[in-house]
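I have placed the structure first, in the form of structure tokens, so that the comments after it can refer back to it.
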Amino acid sequence: MNAGQKKLVVIVSVTAALSALAVFLYLFMGRETKEERVSSQQKDNIVRETAVPTPTADPHKGMVRSRITGKWIKEDVAKKRCYAVMINNIEYAFLRQTGTSKADIIYEALAEGGITRMLAVYEDVRGIKKIGSVRSARHYYVQFAKEWDAIYCHFGHTKYATSKIKSLGTENLSGLSAIGGVVYYRDSHIAAPHNVFTTGEKMKKGAKKLGYSLKRDENAMAKHFNFHEKDTALAGGKKADKITIPFSNYSTCKMKYDAGKKVYKKYEYNKKHMDTYYKKQLAFKNVIIQLVSEKNIDRNGYQTMSLNNNKGSGYYYTDGKRTSITWVRNEDTNTMEYYDDTGNLLTVNPGKTYIAVYPKNRKNLIK
């Protein structure tokens with residue numbers, strides 16, 4: 001074999017050896033890489049199986065559902081007693097109303113001479129700087145306040161109102177009593193008698209001075225209605241994006257549904273119903289019209305309503321729809337409940353509620 005042939009044999013032998021080594025390394029390393037991948041996957045599974053998920057923070061910790069609005073509120077607020085304030089609603093006072101946008105429930109009913117007054121029910125009065133103007137008591141407003149076990153705030157009264165305050169044992173802050181100077185003040189820029197106002201702190205101060213309990217008694221509050229957990233549309237309700245409640249030729253309440261904010265905005269005297277201090281239009285998630293038998297009680301034109309141990313019909317509005325309801329009231333047991341058209345306790349949406357207590361002989365005027 002010559003030198004060239006020997007060289008070729010060496011080259012072929014080396015090439016074959018290298019190829020065999022490459023195959024060996026590929027197979028060996030490949031198995032090892034696969035084993036490593038399996039091992040890595042097993043480790044990942046173990047980590048995933050043993051990892052403790054991060055707990056989600058409770059957004060309602062330290063909070064409870066409000067008996068008044070159905071919304072989540074702080075526990076300390078839910079323990080506080082409500083205040084119910086008589087609000088002047090004659091047109092002159094209407095244009096200067098304050099603090100009404102902070103109320104959780106507002107009642108409106110006829111007083112006398114075609115005018116209405118309102119009762120503003122507050123669950124939490126802390127920080128409310130101006131409420132009013134405050135006017136005199138009427139006996140059926142005393143009844144509404146009693147349903148919420150609220151401290152009743154008024155400046156003046158009728159003999160029927162004082163009689164009802166006495167018979168129901170309603171704790172009240174009267175502007176004509178010795179506590180009046182503590183609770184109320186006059187705004188010199190507004191004409192009397194429409195210039196009486198109060199604040200959250202003044203009401204609390206007056207209640208403390210009279211020794212009233214500021215702690216809520218859940219058992220002393222009427223049930224009224226239940227609440228949905230979240231906004232729920234009426235099933236089968238009639239469309240009602242506008243509501244007209246003509247209390248008289250002088251006073252007509254109107255509601256217009258704001259589909260964007262999903263509330264009814266209030267109007268009266270053909271104007272937006274404004275809280276002039278907080279510069280907000282009154283708006284409500286729920287609107288209830290409670291139909292009652294109503295008449296003049298004397299030659300002064302004072303009204304009276306058949307609320308004692310009685311029942312009747314009405315309407316409930318929410319989210320642009322209306323449904324028929326009934327109501328049952330028993331003053332002896334302080335029971336006041338609204339029922340839906342199936343006979344179950346009415347369930348309303350979380351939010352503020354407006355209640356018009358309206359003469360049933362005028363119900364055909366409601367639109």
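Ligands are numbered from 1 in the order shown, chains are lettered A, B, ... in the order of the structure tokens, and residues start at 1 in each chain.
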
Sort by chain and increasing residue number a table of all residues of region 234-342 of chain A within 12 Å of region 55-73 of chain A, each with its closest pair of atoms and their distance in Å to one decimal, counting only C-alpha atoms, and write it as CSV.
residue,atom,partner,partner_atom,distance
A:Phe284,CA,A:Thr69,CA,10.6
A:Lys285,CA,A:Thr69,CA,9.5
A:Asn286,CA,A:Thr69,CA,9.7

Contacts of Lys223 (chain A) at 7 Å or less, counting only C-alpha atoms, minus same-chain residues fewer than 3 places along, as an mmCIF file with N, CA and C atoms, in the first residue's frame?
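The resulting file, selection13.cif, is reproduced below:
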data_model
loop_
_atom_site.group_PDB
_atom_site.id
_atom_site.type_symbol
_atom_site.label_atom_id
_atom_site.label_comp_id
_atom_site.auth_asym_id
_atom_site.auth_seq_id
_atom_site.Cartn_x
_atom_site.Cartn_y
_atom_site.Cartn_z
ATOM 1 N N THR A 335 -95.725 49.008 62.173
ATOM 2 C CA THR A 335 -95.473 48.229 60.964
ATOM 3 C C THR A 335 -95.829 49.061 59.744
ATOM 4 N N MET A 336 -94.907 49.134 58.800
ATOM 5 C CA MET A 336 -95.180 49.800 57.529
ATOM 6 C C MET A 336 -94.453 49.003 56.457
ATOM 7 N N GLU A 337 -95.221 48.366 55.557
ATOM 8 C CA GLU A 337 -94.618 47.500 54.545
ATOM 9 C C GLU A 337 -95.245 47.752 53.180
#

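From CA of Thr199 (chain A) back to CA of Lys280 (chain A), the distance works out to 17.5 Å.
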
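Minimum atom-to-atom distance to Tyr185 (chain A), evaluated using only C-alpha atoms, belongs to A:Lys130 out of A:Lys215, A:Asn226, A:Gly156, A:Lys130.
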
key: Exercise: Lys262 (chain A) partners within 8 Å, only C-alpha atoms, chain neighbours under 5 positions left out, as a ChimeraX atom specification   = /A:257,285,319-320

Restricted to C-alpha atoms, what would the selected residues look like written as a PDB file, in the first residue's frame?
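Just written: part_39.pdb:
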ATOM      1  CA  TYR A 257     -85.121  59.278  34.187  1.00  0.00           C
ATOM      2  CA  LYS A 285     -82.884  55.356  42.483  1.00  0.00           C
ATOM      3  CA  ASP A 319     -84.635  52.042  36.094  1.00  0.00           C
ATOM      4  CA  GLY A 320     -87.213  53.659  33.832  1.00  0.00           C
TER       5      GLY A 320
END

Run DSSP on the backbone and give me the residues of region 174-285 of chain A it puts in strand (DSSP E), as an mmCIF file with all heavy atoms, in the first residue's frame.
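As a result, states-v1.cif now contains:
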data_model
loop_
_atom_site.group_PDB
_atom_site.id
_atom_site.type_symbol
_atom_site.label_atom_id
_atom_site.label_comp_id
_atom_site.auth_asym_id
_atom_site.auth_seq_id
_atom_site.Cartn_x
_atom_site.Cartn_y
_atom_site.Cartn_z
ATOM 1 N N SER A 174 -87.663 70.559 68.802
ATOM 2 C CA SER A 174 -88.570 71.638 68.422
ATOM 3 C C SER A 174 -87.873 72.984 68.505
ATOM 4 O O SER A 174 -87.256 73.315 69.527
ATOM 5 C CB SER A 174 -89.794 71.645 69.340
ATOM 6 O OG SER A 174 -90.566 72.800 69.120
ATOM 7 N N TYR A 185 -80.760 78.052 63.629
ATOM 8 C CA TYR A 185 -80.323 79.441 63.495
ATOM 9 C C TYR A 185 -81.023 80.053 62.294
ATOM 10 O O TYR A 185 -81.547 79.349 61.425
ATOM 11 C CB TYR A 185 -78.806 79.524 63.334
ATOM 12 C CG TYR A 185 -78.289 79.001 62.001
ATOM 13 C CD1 TYR A 185 -78.058 79.856 60.917
ATOM 14 C CD2 TYR A 185 -78.031 77.640 61.821
ATOM 15 C CE1 TYR A 185 -77.583 79.370 59.701
ATOM 16 C CE2 TYR A 185 -77.555 77.150 60.609
ATOM 17 C CZ TYR A 185 -77.334 78.024 59.554
ATOM 18 O OH TYR A 185 -76.883 77.540 58.355
ATOM 19 N N ARG A 186 -81.034 81.368 62.234
ATOM 20 C CA ARG A 186 -81.669 82.073 61.124
ATOM 21 C C ARG A 186 -80.618 82.677 60.198
ATOM 22 O O ARG A 186 -79.618 83.234 60.656
ATOM 23 C CB ARG A 186 -82.613 83.167 61.633
ATOM 24 C CG ARG A 186 -83.861 82.612 62.323
ATOM 25 C CD ARG A 186 -84.874 83.702 62.631
ATOM 26 N NE ARG A 186 -86.051 83.171 63.315
ATOM 27 C CZ ARG A 186 -87.135 82.682 62.703
ATOM 28 N NH1 ARG A 186 -87.189 82.687 61.374
ATOM 29 N NH2 ARG A 186 -88.163 82.215 63.407
ATOM 30 N N VAL A 196 -84.978 79.527 58.598
ATOM 31 C CA VAL A 196 -84.504 78.702 59.714
ATOM 32 C C VAL A 196 -83.724 77.497 59.175
ATOM 33 O O VAL A 196 -84.231 76.750 58.337
ATOM 34 C CB VAL A 196 -85.674 78.215 60.593
ATOM 35 C CG1 VAL A 196 -85.157 77.286 61.689
ATOM 36 C CG2 VAL A 196 -86.424 79.398 61.190
ATOM 37 N N PHE A 197 -82.516 77.324 59.684
ATOM 38 C CA PHE A 197 -81.647 76.244 59.208
ATOM 39 C C PHE A 197 -81.008 75.527 60.389
ATOM 40 O O PHE A 197 -81.037 75.992 61.527
ATOM 41 C CB PHE A 197 -80.561 76.799 58.273
ATOM 42 C CG PHE A 197 -81.106 77.346 56.988
ATOM 43 C CD1 PHE A 197 -81.568 78.660 56.909
ATOM 44 C CD2 PHE A 197 -81.182 76.551 55.849
ATOM 45 C CE1 PHE A 197 -82.085 79.166 55.729
ATOM 46 C CE2 PHE A 197 -81.699 77.046 54.670
ATOM 47 C CZ PHE A 197 -82.153 78.357 54.605
ATOM 48 N N THR A 198 -80.414 74.388 60.099
ATOM 49 C CA THR A 198 -79.686 73.622 61.105
ATOM 50 C C THR A 198 -78.492 72.958 60.432
ATOM 51 O O THR A 198 -78.279 73.121 59.220
ATOM 52 C CB THR A 198 -80.588 72.576 61.787
ATOM 53 O OG1 THR A 198 -79.864 71.966 62.869
ATOM 54 C CG2 THR A 198 -81.031 71.493 60.818
ATOM 55 N N ASN A 226 -87.398 45.273 51.200
ATOM 56 C CA ASN A 226 -86.093 44.614 51.088
ATOM 57 C C ASN A 226 -85.282 45.291 49.991
ATOM 58 O O ASN A 226 -85.807 46.116 49.228
ATOM 59 C CB ASN A 226 -86.254 43.127 50.750
ATOM 60 C CG ASN A 226 -86.805 42.320 51.906
ATOM 61 O OD1 ASN A 226 -86.491 42.571 53.058
ATOM 62 N ND2 ASN A 226 -87.649 41.336 51.600
ATOM 63 N N PHE A 227 -83.991 44.886 49.880
ATOM 64 C CA PHE A 227 -83.127 45.421 48.833
ATOM 65 C C PHE A 227 -82.529 44.302 47.986
ATOM 66 O O PHE A 227 -82.165 43.246 48.507
ATOM 67 C CB PHE A 227 -81.978 46.234 49.442
ATOM 68 C CG PHE A 227 -82.404 47.540 50.047
ATOM 69 C CD1 PHE A 227 -82.642 47.644 51.413
ATOM 70 C CD2 PHE A 227 -82.583 48.660 49.261
ATOM 71 C CE1 PHE A 227 -83.036 48.838 51.980
ATOM 72 C CE2 PHE A 227 -82.978 49.872 49.820
ATOM 73 C CZ PHE A 227 -83.207 49.956 51.179
ATOM 74 N N LYS A 238 -93.942 48.499 33.276
ATOM 75 C CA LYS A 238 -94.275 49.400 32.180
ATOM 76 C C LYS A 238 -93.222 50.506 32.066
ATOM 77 O O LYS A 238 -92.659 50.945 33.071
ATOM 78 C CB LYS A 238 -95.643 50.027 32.415
ATOM 79 C CG LYS A 238 -96.787 49.017 32.408
ATOM 80 C CD LYS A 238 -98.118 49.722 32.632
ATOM 81 C CE LYS A 238 -99.266 48.715 32.614
ATOM 82 N NZ LYS A 238 -100.576 49.395 32.851
ATOM 83 N N LYS A 239 -92.968 50.946 30.849
ATOM 84 C CA LYS A 239 -91.995 52.007 30.628
ATOM 85 C C LYS A 239 -92.432 53.274 31.359
ATOM 86 O O LYS A 239 -93.596 53.678 31.279
ATOM 87 C CB LYS A 239 -91.831 52.285 29.137
ATOM 88 C CG LYS A 239 -90.782 53.342 28.830
ATOM 89 C CD LYS A 239 -90.644 53.574 27.335
ATOM 90 C CE LYS A 239 -89.604 54.666 27.053
ATOM 91 N NZ LYS A 239 -89.468 54.942 25.601
ATOM 92 N N LYS A 242 -90.601 59.142 32.518
ATOM 93 C CA LYS A 242 -91.054 60.427 33.044
ATOM 94 C C LYS A 242 -92.206 60.175 34.008
ATOM 95 O O LYS A 242 -93.040 59.302 33.780
ATOM 96 C CB LYS A 242 -91.515 61.346 31.914
ATOM 97 C CG LYS A 242 -90.398 61.806 30.987
ATOM 98 C CD LYS A 242 -90.942 62.738 29.911
ATOM 99 C CE LYS A 242 -89.827 63.192 28.976
ATOM 100 N NZ LYS A 242 -90.337 64.096 27.905
ATOM 101 N N ILE A 243 -92.206 60.946 35.102
ATOM 102 C CA ILE A 243 -93.280 60.825 36.098
ATOM 103 C C ILE A 243 -93.781 62.230 36.413
ATOM 104 O O ILE A 243 -92.983 63.136 36.665
ATOM 105 C CB ILE A 243 -92.786 60.169 37.402
ATOM 106 C CG1 ILE A 243 -92.002 58.885 37.118
ATOM 107 C CG2 ILE A 243 -93.963 59.878 38.323
ATOM 108 C CD1 ILE A 243 -91.284 58.330 38.348
ATOM 109 N N THR A 244 -95.103 62.391 36.411
ATOM 110 C CA THR A 244 -95.701 63.666 36.797
ATOM 111 C C THR A 244 -96.637 63.422 37.972
ATOM 112 O O THR A 244 -97.552 62.596 37.883
ATOM 113 C CB THR A 244 -96.484 64.295 35.634
ATOM 114 O OG1 THR A 244 -95.592 64.518 34.533
ATOM 115 C CG2 THR A 244 -97.102 65.627 36.042
ATOM 116 N N ILE A 245 -96.402 64.140 39.077
ATOM 117 C CA ILE A 245 -97.195 63.976 40.302
ATOM 118 C C ILE A 245 -97.764 65.346 40.669
ATOM 119 O O ILE A 245 -97.130 66.136 41.385
ATOM 120 C CB ILE A 245 -96.326 63.430 41.456
ATOM 121 C CG1 ILE A 245 -95.540 62.183 41.000
ATOM 122 C CG2 ILE A 245 -97.199 63.082 42.659
ATOM 123 C CD1 ILE A 245 -94.507 61.705 41.996
ATOM 124 N N PRO A 246 -98.955 65.662 40.178
ATOM 125 C CA PRO A 246 -99.540 66.987 40.429
ATOM 126 C C PRO A 246 -100.234 67.061 41.790
ATOM 127 O O PRO A 246 -101.403 66.726 41.920
ATOM 128 C CB PRO A 246 -100.527 67.149 39.272
ATOM 129 C CG PRO A 246 -100.928 65.745 38.918
ATOM 130 C CD PRO A 246 -99.767 64.860 39.261
ATOM 131 N N THR A 252 -96.387 70.839 41.477
ATOM 132 C CA THR A 252 -96.334 69.597 40.713
ATOM 133 C C THR A 252 -94.903 69.069 40.712
ATOM 134 O O THR A 252 -93.975 69.762 40.284
ATOM 135 C CB THR A 252 -96.783 69.803 39.253
ATOM 136 O OG1 THR A 252 -98.163 70.171 39.250
ATOM 137 C CG2 THR A 252 -96.612 68.524 38.439
ATOM 138 N N CYS A 253 -94.749 67.856 41.206
ATOM 139 C CA CYS A 253 -93.445 67.196 41.176
ATOM 140 C C CYS A 253 -93.293 66.430 39.871
ATOM 141 O O CYS A 253 -94.226 65.744 39.438
ATOM 142 C CB CYS A 253 -93.329 66.231 42.363
ATOM 143 S SG CYS A 253 -91.944 65.072 42.238
ATOM 144 N N LYS A 254 -92.126 66.552 39.264
ATOM 145 C CA LYS A 254 -91.827 65.796 38.050
ATOM 146 C C LYS A 254 -90.492 65.072 38.218
ATOM 147 O O LYS A 254 -89.573 65.593 38.848
ATOM 148 C CB LYS A 254 -91.769 66.714 36.829
ATOM 149 C CG LYS A 254 -93.116 67.320 36.463
ATOM 150 C CD LYS A 254 -93.033 68.142 35.185
ATOM 151 C CE LYS A 254 -94.397 68.699 34.805
ATOM 152 N NZ LYS A 254 -94.352 69.482 33.539
ATOM 153 N N MET A 255 -90.425 63.893 37.653
ATOM 154 C CA MET A 255 -89.203 63.096 37.650
ATOM 155 C C MET A 255 -88.852 62.741 36.211
ATOM 156 O O MET A 255 -89.734 62.359 35.433
ATOM 157 C CB MET A 255 -89.384 61.805 38.451
ATOM 158 C CG MET A 255 -89.693 61.997 39.914
ATOM 159 S SD MET A 255 -88.197 62.335 40.866
ATOM 160 C CE MET A 255 -88.880 62.378 42.536
ATOM 161 N N LYS A 256 -87.576 62.866 35.876
ATOM 162 C CA LYS A 256 -87.103 62.470 34.554
ATOM 163 C C LYS A 256 -85.970 61.460 34.738
ATOM 164 O O LYS A 256 -85.023 61.709 35.482
ATOM 165 C CB LYS A 256 -86.615 63.679 33.762
ATOM 166 C CG LYS A 256 -87.725 64.666 33.421
ATOM 167 C CD LYS A 256 -87.204 65.844 32.611
ATOM 168 C CE LYS A 256 -88.323 66.839 32.305
ATOM 169 N NZ LYS A 256 -87.807 68.020 31.535
ATOM 170 N N TYR A 257 -86.100 60.345 34.026
ATOM 171 C CA TYR A 257 -85.121 59.278 34.187
ATOM 172 C C TYR A 257 -83.859 59.565 33.399
ATOM 173 O O TYR A 257 -83.905 59.851 32.198
ATOM 174 C CB TYR A 257 -85.720 57.943 33.741
ATOM 175 C CG TYR A 257 -84.787 56.767 33.923
ATOM 176 C CD1 TYR A 257 -84.320 56.431 35.187
ATOM 177 C CD2 TYR A 257 -84.369 56.012 32.834
ATOM 178 C CE1 TYR A 257 -83.462 55.357 35.375
ATOM 179 C CE2 TYR A 257 -83.517 54.930 33.007
ATOM 180 C CZ TYR A 257 -83.061 54.614 34.272
ATOM 181 O OH TYR A 257 -82.205 53.564 34.449
ATOM 182 N N ASP A 258 -82.725 59.515 34.078
ATOM 183 C CA ASP A 258 -81.414 59.671 33.461
ATOM 184 C C ASP A 258 -80.864 58.265 33.230
ATOM 185 O O ASP A 258 -80.400 57.607 34.166
ATOM 186 C CB ASP A 258 -80.496 60.476 34.385
ATOM 187 C CG ASP A 258 -79.125 60.761 33.777
ATOM 188 O OD1 ASP A 258 -78.653 59.936 32.967
ATOM 189 O OD2 ASP A 258 -78.522 61.783 34.133
ATOM 190 N N VAL A 263 -80.881 57.029 37.431
ATOM 191 C CA VAL A 263 -81.629 57.624 38.539
ATOM 192 C C VAL A 263 -82.715 58.534 37.972
ATOM 193 O O VAL A 263 -82.659 58.964 36.816
ATOM 194 C CB VAL A 263 -80.717 58.455 39.477
ATOM 195 C CG1 VAL A 263 -79.723 57.568 40.201
ATOM 196 C CG2 VAL A 263 -80.001 59.569 38.708
ATOM 197 N N TYR A 264 -83.711 58.803 38.819
ATOM 198 C CA TYR A 264 -84.739 59.791 38.479
ATOM 199 C C TYR A 264 -84.326 61.142 39.065
ATOM 200 O O TYR A 264 -84.097 61.262 40.266
ATOM 201 C CB TYR A 264 -86.094 59.380 39.055
ATOM 202 C CG TYR A 264 -86.766 58.268 38.289
ATOM 203 C CD1 TYR A 264 -86.633 56.942 38.698
ATOM 204 C CD2 TYR A 264 -87.541 58.533 37.161
ATOM 205 C CE1 TYR A 264 -87.251 55.913 37.999
ATOM 206 C CE2 TYR A 264 -88.173 57.510 36.460
ATOM 207 C CZ TYR A 264 -88.021 56.209 36.878
ATOM 208 O OH TYR A 264 -88.637 55.196 36.181
ATOM 209 N N LYS A 265 -84.263 62.153 38.207
ATOM 210 C CA LYS A 265 -83.926 63.501 38.651
ATOM 211 C C LYS A 265 -85.212 64.289 38.884
ATOM 212 O O LYS A 265 -86.140 64.238 38.090
ATOM 213 C CB LYS A 265 -83.038 64.190 37.611
ATOM 214 C CG LYS A 265 -81.654 63.550 37.500
ATOM 215 C CD LYS A 265 -80.764 64.288 36.512
ATOM 216 C CE LYS A 265 -79.351 63.702 36.513
ATOM 217 N NZ LYS A 265 -78.480 64.384 35.540
ATOM 218 N N LYS A 266 -85.222 65.032 39.998
ATOM 219 C CA LYS A 266 -86.448 65.700 40.438
ATOM 220 C C LYS A 266 -86.539 67.144 39.946
ATOM 221 O O LYS A 266 -85.540 67.877 39.931
ATOM 222 C CB LYS A 266 -86.539 65.666 41.969
ATOM 223 C CG LYS A 266 -87.894 66.108 42.521
ATOM 224 C CD LYS A 266 -87.948 65.937 44.032
ATOM 225 C CE LYS A 266 -89.338 66.186 44.577
ATOM 226 N NZ LYS A 266 -89.849 67.544 44.360
ATOM 227 N N TYR A 267 -87.786 67.521 39.592
ATOM 228 C CA TYR A 267 -88.105 68.883 39.164
ATOM 229 C C TYR A 267 -89.359 69.333 39.906
ATOM 230 O O TYR A 267 -90.220 68.528 40.253
ATOM 231 C CB TYR A 267 -88.374 68.950 37.662
ATOM 232 C CG TYR A 267 -87.199 68.575 36.788
ATOM 233 C CD1 TYR A 267 -86.824 67.251 36.621
ATOM 234 C CD2 TYR A 267 -86.460 69.561 36.120
ATOM 235 C CE1 TYR A 267 -85.739 66.902 35.824
ATOM 236 C CE2 TYR A 267 -85.382 69.220 35.317
ATOM 237 C CZ TYR A 267 -85.026 67.890 35.173
ATOM 238 O OH TYR A 267 -83.948 67.539 34.385
ATOM 239 N N GLU A 268 -89.453 70.618 40.157
ATOM 240 C CA GLU A 268 -90.670 71.190 40.721
ATOM 241 C C GLU A 268 -90.731 72.661 40.331
ATOM 242 O O GLU A 268 -89.695 73.293 40.089
ATOM 243 C CB GLU A 268 -90.716 71.023 42.244
ATOM 244 C CG GLU A 268 -92.133 71.031 42.783
ATOM 245 C CD GLU A 268 -92.294 70.174 44.031
ATOM 246 O OE1 GLU A 268 -91.385 69.406 44.377
ATOM 247 O OE2 GLU A 268 -93.358 70.276 44.661
ATOM 248 N N LYS A 271 -88.695 73.737 37.414
ATOM 249 C CA LYS A 271 -87.262 73.968 37.569
ATOM 250 C C LYS A 271 -86.600 72.708 38.135
ATOM 251 O O LYS A 271 -87.263 71.870 38.751
ATOM 252 C CB LYS A 271 -86.990 75.144 38.522
ATOM 253 C CG LYS A 271 -87.568 76.476 38.070
ATOM 254 C CD LYS A 271 -87.308 77.539 39.117
ATOM 255 C CE LYS A 271 -87.859 78.897 38.699
ATOM 256 N NZ LYS A 271 -89.351 78.906 38.672
ATOM 257 N N LYS A 272 -85.310 72.598 37.955
ATOM 258 C CA LYS A 272 -84.566 71.518 38.603
ATOM 259 C C LYS A 272 -84.680 71.689 40.113
ATOM 260 O O LYS A 272 -84.579 72.812 40.626
ATOM 261 C CB LYS A 272 -83.081 71.561 38.209
ATOM 262 C CG LYS A 272 -82.799 71.230 36.760
ATOM 263 C CD LYS A 272 -81.300 71.309 36.485
ATOM 264 C CE LYS A 272 -80.991 70.959 35.043
ATOM 265 N NZ LYS A 272 -79.527 71.026 34.767
ATOM 266 N N MET A 274 -82.992 71.714 43.218
ATOM 267 C CA MET A 274 -81.579 71.817 43.560
ATOM 268 C C MET A 274 -81.347 71.945 45.068
ATOM 269 O O MET A 274 -82.134 72.546 45.797
ATOM 270 C CB MET A 274 -80.963 73.029 42.863
ATOM 271 C CG MET A 274 -80.967 72.965 41.346
ATOM 272 S SD MET A 274 -79.928 71.637 40.682
ATOM 273 C CE MET A 274 -78.304 72.161 41.252
ATOM 274 N N ASP A 275 -80.253 71.374 45.497
ATOM 275 C CA ASP A 275 -79.682 71.640 46.807
ATOM 276 C C ASP A 275 -78.691 72.773 46.562
ATOM 277 O O ASP A 275 -77.629 72.578 45.980
ATOM 278 C CB ASP A 275 -78.970 70.388 47.326
ATOM 279 C CG ASP A 275 -78.262 70.597 48.660
ATOM 280 O OD1 ASP A 275 -77.938 71.754 48.996
ATOM 281 O OD2 ASP A 275 -78.005 69.600 49.349
ATOM 282 N N LYS A 280 -76.329 70.397 43.950
ATOM 283 C CA LYS A 280 -76.689 69.117 43.334
ATOM 284 C C LYS A 280 -78.192 69.048 43.129
ATOM 285 O O LYS A 280 -78.968 69.493 43.985
ATOM 286 C CB LYS A 280 -76.247 67.946 44.206
ATOM 287 C CG LYS A 280 -74.746 67.734 44.270
ATOM 288 C CD LYS A 280 -74.433 66.496 45.094
ATOM 289 C CE LYS A 280 -72.929 66.232 45.147
ATOM 290 N NZ LYS A 280 -72.616 65.019 45.956
ATOM 291 N N GLN A 281 -78.595 68.481 42.001
ATOM 292 C CA GLN A 281 -80.010 68.239 41.771
ATOM 293 C C GLN A 281 -80.430 66.976 42.521
ATOM 294 O O GLN A 281 -79.689 65.991 42.555
ATOM 295 C CB GLN A 281 -80.291 68.062 40.276
ATOM 296 C CG GLN A 281 -81.769 67.904 39.951
ATOM 297 C CD GLN A 281 -82.021 67.831 38.445
ATOM 298 O OE1 GLN A 281 -81.082 67.842 37.647
ATOM 299 N NE2 GLN A 281 -83.280 67.749 38.062
ATOM 300 N N ALA A 283 -81.844 63.508 43.182
ATOM 301 C CA ALA A 283 -81.959 62.353 42.292
ATOM 302 C C ALA A 283 -82.182 61.103 43.131
ATOM 303 O O ALA A 283 -81.633 60.969 44.237
ATOM 304 C CB ALA A 283 -80.709 62.211 41.436
ATOM 305 N N PHE A 284 -82.976 60.171 42.592
ATOM 306 C CA PHE A 284 -83.386 59.000 43.357
ATOM 307 C C PHE A 284 -83.326 57.736 42.509
ATOM 308 O O PHE A 284 -83.701 57.745 41.339
ATOM 309 C CB PHE A 284 -84.815 59.180 43.882
ATOM 310 C CG PHE A 284 -84.991 60.423 44.705
ATOM 311 C CD1 PHE A 284 -85.348 61.623 44.099
ATOM 312 C CD2 PHE A 284 -84.761 60.408 46.066
ATOM 313 C CE1 PHE A 284 -85.491 62.781 44.850
ATOM 314 C CE2 PHE A 284 -84.903 61.559 46.832
ATOM 315 C CZ PHE A 284 -85.263 62.748 46.216
#

Which region 48-109 of chain A residues have any atom within 8 Å of an atom of region 141-148 of chain A, and for each, what is the nearest pair of atoms with distance in Å to one decimal, counting only C-alpha atoms, rows sorted by chain and number, as CSV?
residue,atom,partner,partner_atom,distance
A:Cys82,CA,A:Trp148,CA,7.1
A:Ala84,CA,A:Ala145,CA,5.9
A:Met86,CA,A:Tyr141,CA,7.9

Those same residues - all heavy atoms - I'd like them written as a PDB file, in the first residue's frame.
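Listed below is the output, out.pdb:
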ATOM      1  N   CYS A  82     -81.278  57.652  63.071  1.00  0.00           N
ATOM      2  CA  CYS A  82     -81.598  58.573  61.976  1.00  0.00           C
ATOM      3  C   CYS A  82     -82.166  59.895  62.506  1.00  0.00           C
ATOM      4  O   CYS A  82     -82.675  59.968  63.629  1.00  0.00           O
ATOM      5  CB  CYS A  82     -82.634  57.941  61.049  1.00  0.00           C
ATOM      6  SG  CYS A  82     -82.093  56.437  60.237  1.00  0.00           S
ATOM      7  N   ALA A  84     -84.894  63.009  61.088  1.00  0.00           N
ATOM      8  CA  ALA A  84     -85.899  63.330  60.065  1.00  0.00           C
ATOM      9  C   ALA A  84     -86.256  64.803  60.208  1.00  0.00           C
ATOM     10  O   ALA A  84     -86.725  65.237  61.273  1.00  0.00           O
ATOM     11  CB  ALA A  84     -87.129  62.450  60.233  1.00  0.00           C
ATOM     12  N   MET A  86     -88.129  68.388  58.893  1.00  0.00           N
ATOM     13  CA  MET A  86     -89.194  69.021  58.112  1.00  0.00           C
ATOM     14  C   MET A  86     -88.600  70.091  57.206  1.00  0.00           C
ATOM     15  O   MET A  86     -87.952  71.031  57.692  1.00  0.00           O
ATOM     16  CB  MET A  86     -90.221  69.673  59.041  1.00  0.00           C
ATOM     17  CG  MET A  86     -91.142  68.697  59.738  1.00  0.00           C
ATOM     18  SD  MET A  86     -92.204  67.737  58.640  1.00  0.00           S
ATOM     19  CE  MET A  86     -93.022  69.010  57.700  1.00  0.00           C
TER      20      MET A  86
END

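The list of residues with at least one atom within 12 Å of Leu345 (chain A), based on only C-alpha atoms and without residues fewer than 3 positions apart in the same chain, reads Lys223, His224, Phe225, Asn226, Phe227, His228, Ile325, Thr326, Trp327, Val328, Met336, Glu337, Tyr338, Tyr339, Asp340, Asp341, Thr342 and Val348 of chain A.
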